[in-house]
file work-v3.txt (compact mmCIF, C-alpha atoms)
# COMPACT_ATOMS: atom_id res chain seq x y z
CA MET A 845 154.95 -84.29 67.97
CA ARG A 846 156.49 -82.42 70.88
CA GLN A 847 158.93 -80.67 68.53
CA LEU A 848 156.06 -79.51 66.32
CA LEU A 849 154.27 -78.04 69.33
CA ILE A 850 157.42 -76.23 70.49
CA LEU A 851 157.95 -74.84 66.98
CA ALA A 852 154.35 -73.58 66.85
CA LEU A 853 154.76 -71.87 70.26
CA ILE A 854 158.02 -70.24 69.17
CA LEU A 855 156.42 -68.95 65.97
CA ALA A 856 153.45 -67.58 67.92
CA LEU A 857 155.81 -65.86 70.36
CA VAL A 858 157.84 -64.32 67.53
CA TYR A 859 154.65 -63.08 65.89
CA LEU A 860 153.39 -61.50 69.13
CA VAL A 861 156.72 -59.77 69.78
CA LYS A 862 156.79 -58.48 66.22
CA VAL A 863 153.25 -57.12 66.45
CA LEU A 864 153.77 -55.50 69.83
CA LEU A 865 157.13 -53.89 69.03
CA ALA A 866 156.51 -52.84 65.44
CA PRO A 867 155.49 -49.20 64.91
CA LYS A 868 151.83 -48.83 64.15
CA ARG A 869 151.21 -47.95 60.52
CA ARG A 870 147.82 -46.43 60.20
CA SER A 871 146.82 -45.02 56.90
CA ARG A 872 145.21 -41.61 57.00
CA PRO A 873 141.61 -41.28 55.81
CA ALA A 874 141.16 -40.52 52.13
CA ALA A 875 139.82 -37.05 52.90
CA ASP A 876 143.05 -36.11 54.66
CA ARG A 877 145.12 -37.36 51.74
CA ARG A 878 143.05 -35.28 49.32
CA MET A 879 143.56 -32.17 51.45
CA ASP A 880 147.32 -32.58 51.12
CA ALA A 881 147.06 -32.75 47.35
CA THR A 882 144.83 -29.70 46.89
CA VAL A 883 145.57 -26.06 47.40
CA THR A 884 143.36 -24.37 49.93
CA GLU A 885 141.20 -21.76 48.25
CA GLU A 886 139.72 -18.62 49.78
CA MET A 887 136.06 -18.91 50.72
CA VAL A 888 133.71 -16.02 50.00
CA GLN A 889 130.23 -15.37 51.35
CA ASP A 890 127.12 -14.63 49.32
CA PRO A 891 125.75 -11.34 50.75
CA LEU A 892 122.13 -12.43 50.27
CA CYS A 893 121.86 -16.03 51.47
CA ARG A 894 125.13 -16.03 53.49
CA THR A 895 126.36 -19.23 51.81
CA TYR A 896 130.13 -19.75 51.73
CA LEU A 897 131.67 -21.06 48.54
CA PRO A 898 135.13 -21.19 46.92
CA ARG A 899 136.07 -17.93 45.24
CA SER A 900 136.65 -19.66 41.88
CA GLN A 901 133.07 -21.01 41.83
CA ALA A 902 131.39 -17.73 42.82
CA ILE A 903 129.60 -15.38 40.44
CA ARG A 904 131.34 -12.01 40.69
CA ARG A 905 129.55 -8.71 40.28
CA ARG A 906 130.88 -5.20 40.85
CA ILE A 907 128.01 -3.18 42.27
CA ARG A 908 128.49 0.49 43.14
CA GLY A 909 132.25 0.10 43.23
CA GLN A 910 132.24 -2.97 45.50
CA GLU A 911 132.91 -6.52 44.38
CA HIS A 912 130.32 -9.03 45.55
CA PHE A 913 130.31 -12.81 45.21
CA PHE A 914 127.14 -14.83 44.70
CA CYS A 915 126.32 -18.53 44.77
CA SER A 916 123.76 -18.42 41.96
CA PRO A 917 122.22 -16.13 39.33
CA GLY A 918 119.02 -16.11 41.42
CA CYS A 919 120.89 -14.57 44.36
CA VAL A 920 122.38 -11.93 42.04
CA ASP A 921 118.90 -10.99 40.77
CA LYS A 922 117.39 -10.86 44.27
CA PHE A 923 120.30 -8.80 45.58
CA LEU A 924 119.99 -6.31 42.72
CA ALA A 925 116.22 -6.06 43.27
CA LEU A 926 116.75 -5.29 46.96
CA ARG A 927 119.41 -2.67 46.16
CA SER A 928 117.16 -0.80 43.70
call {"tool": "encode", "arguments": {"input": "work-v3.txt", "output": "structure tokens"}}
result
Amino acid sequence: MRQLLILALILALVYLVKVLLAPKRRSRPAADRRMDATVTEEMVQDPLCRTYLPRSQAIRRRIRGQEHFFCSPGCVDKFLALRS
């Protein structure tokens, strides 16, 4: 019985030393892992509602020689109405 108790104490001690000395392995949050896998895209601002959105998702319009980016067709229409 005494030998079993000594064995249990030794195993507990080995476990504690292993836990305390082992390097901590923390996994990064999923959002951080996704950021590594994606390419950062330029953000553009809608001139009417000031919303920022990725350039590839924006509606592009060249108005009076300048390129503008919009978040929705409604913003395009409102912007054109204000410019008239």
call {"tool": "atom_distance", "arguments": {"input": "work-v3.txt", "atom1": "atom CA of A:Thr884", "atom2": "atom CA of A:Phe923"}}
result
28.2 Å
call {"tool": "closest_residue", "arguments": {"input": "work-v3.txt", "among": "A:Ala866, A:Val920, A:Leu860, A:Ile854", "to": "A:Cys893", "atoms": "all atoms listed in the file"}}
result
A:Val920
call {"tool": "atom_distance", "arguments": {"input": "work-v3.txt", "atom1": "atom CA of A:Val888", "atom2": "atom CA of A:Ala902"}}
result
7.7 Å
call {"tool": "atom_distance", "arguments": {"input": "work-v3.txt", "atom1": "atom CA of A:Met887", "atom2": "atom CA of A:Cys915"}}
result
11.4 Å
call {"tool": "axis_aligned_box", "arguments": {"input": "work-v3.txt", "around": "stretch 900-913 of chain A", "padding_each_side": "8 Å", "output": "AutoDock Vina command-line options"}}
result
--center_x 132.3 --center_y -10.3 --center_z 42.9 --size_x 24.6 --size_y 37.5 --size_z 21.3
call {"tool": "residues_around", "arguments": {"input": "work-v3.txt", "residues": "A:Tyr896", "least_positions_apart": "4", "cutoff": "12 Å", "atoms": "all atoms listed in the file", "output": "list in words"}}
result
Glu885, Glu886, Met887, Val888, Gln889, Asp890, Pro891, Leu892, Ser900, Gln901, Ala902, Phe913, Phe914, Cys915 and Ser916 of chain A
call {"tool": "closest_residue", "arguments": {"input": "work-v3.txt", "among": "A:Lys868, A:Cys919, A:Leu851, A:Leu926", "to": "A:Thr895", "atoms": "all atoms listed in the file"}}
result
A:Cys919
call {"tool": "closest_residue", "arguments": {"input": "work-v3.txt", "among": "A:Arg846, A:Ala852, A:Arg894, A:Ser928", "to": "A:Ile907", "atoms": "all atoms listed in the file"}}
result
A:Ser928
call {"tool": "residues_near_point", "arguments": {"input": "work-v3.txt", "point": "(124.5, -7.1, 36.0)", "cutoff": "12 Å", "atoms": "only C-alpha atoms", "output": "short mmCIF file (atom, residue, chain, number, x, y, z; two decimals) with C-alpha atoms, in the coordinates of the input"}}
result
data_model
loop_
_atom_site.label_atom_id
_atom_site.label_comp_id
_atom_site.auth_asym_id
_atom_site.auth_seq_id
_atom_site.Cartn_x
_atom_site.Cartn_y
_atom_site.Cartn_z
CA ILE A 903 129.60 -15.38 40.44
CA ARG A 904 131.34 -12.01 40.69
CA ARG A 905 129.55 -8.71 40.28
CA ARG A 906 130.88 -5.20 40.85
CA ILE A 907 128.01 -3.18 42.27
CA ARG A 908 128.49 0.49 43.14
CA GLU A 911 132.91 -6.52 44.38
CA HIS A 912 130.32 -9.03 45.55
CA PHE A 914 127.14 -14.83 44.70
CA PRO A 917 122.22 -16.13 39.33
CA GLY A 918 119.02 -16.11 41.42
CA CYS A 919 120.89 -14.57 44.36
CA VAL A 920 122.38 -11.93 42.04
CA ASP A 921 118.90 -10.99 40.77
CA LYS A 922 117.39 -10.86 44.27
CA PHE A 923 120.30 -8.80 45.58
CA LEU A 924 119.99 -6.31 42.72
CA ALA A 925 116.22 -6.06 43.27
#
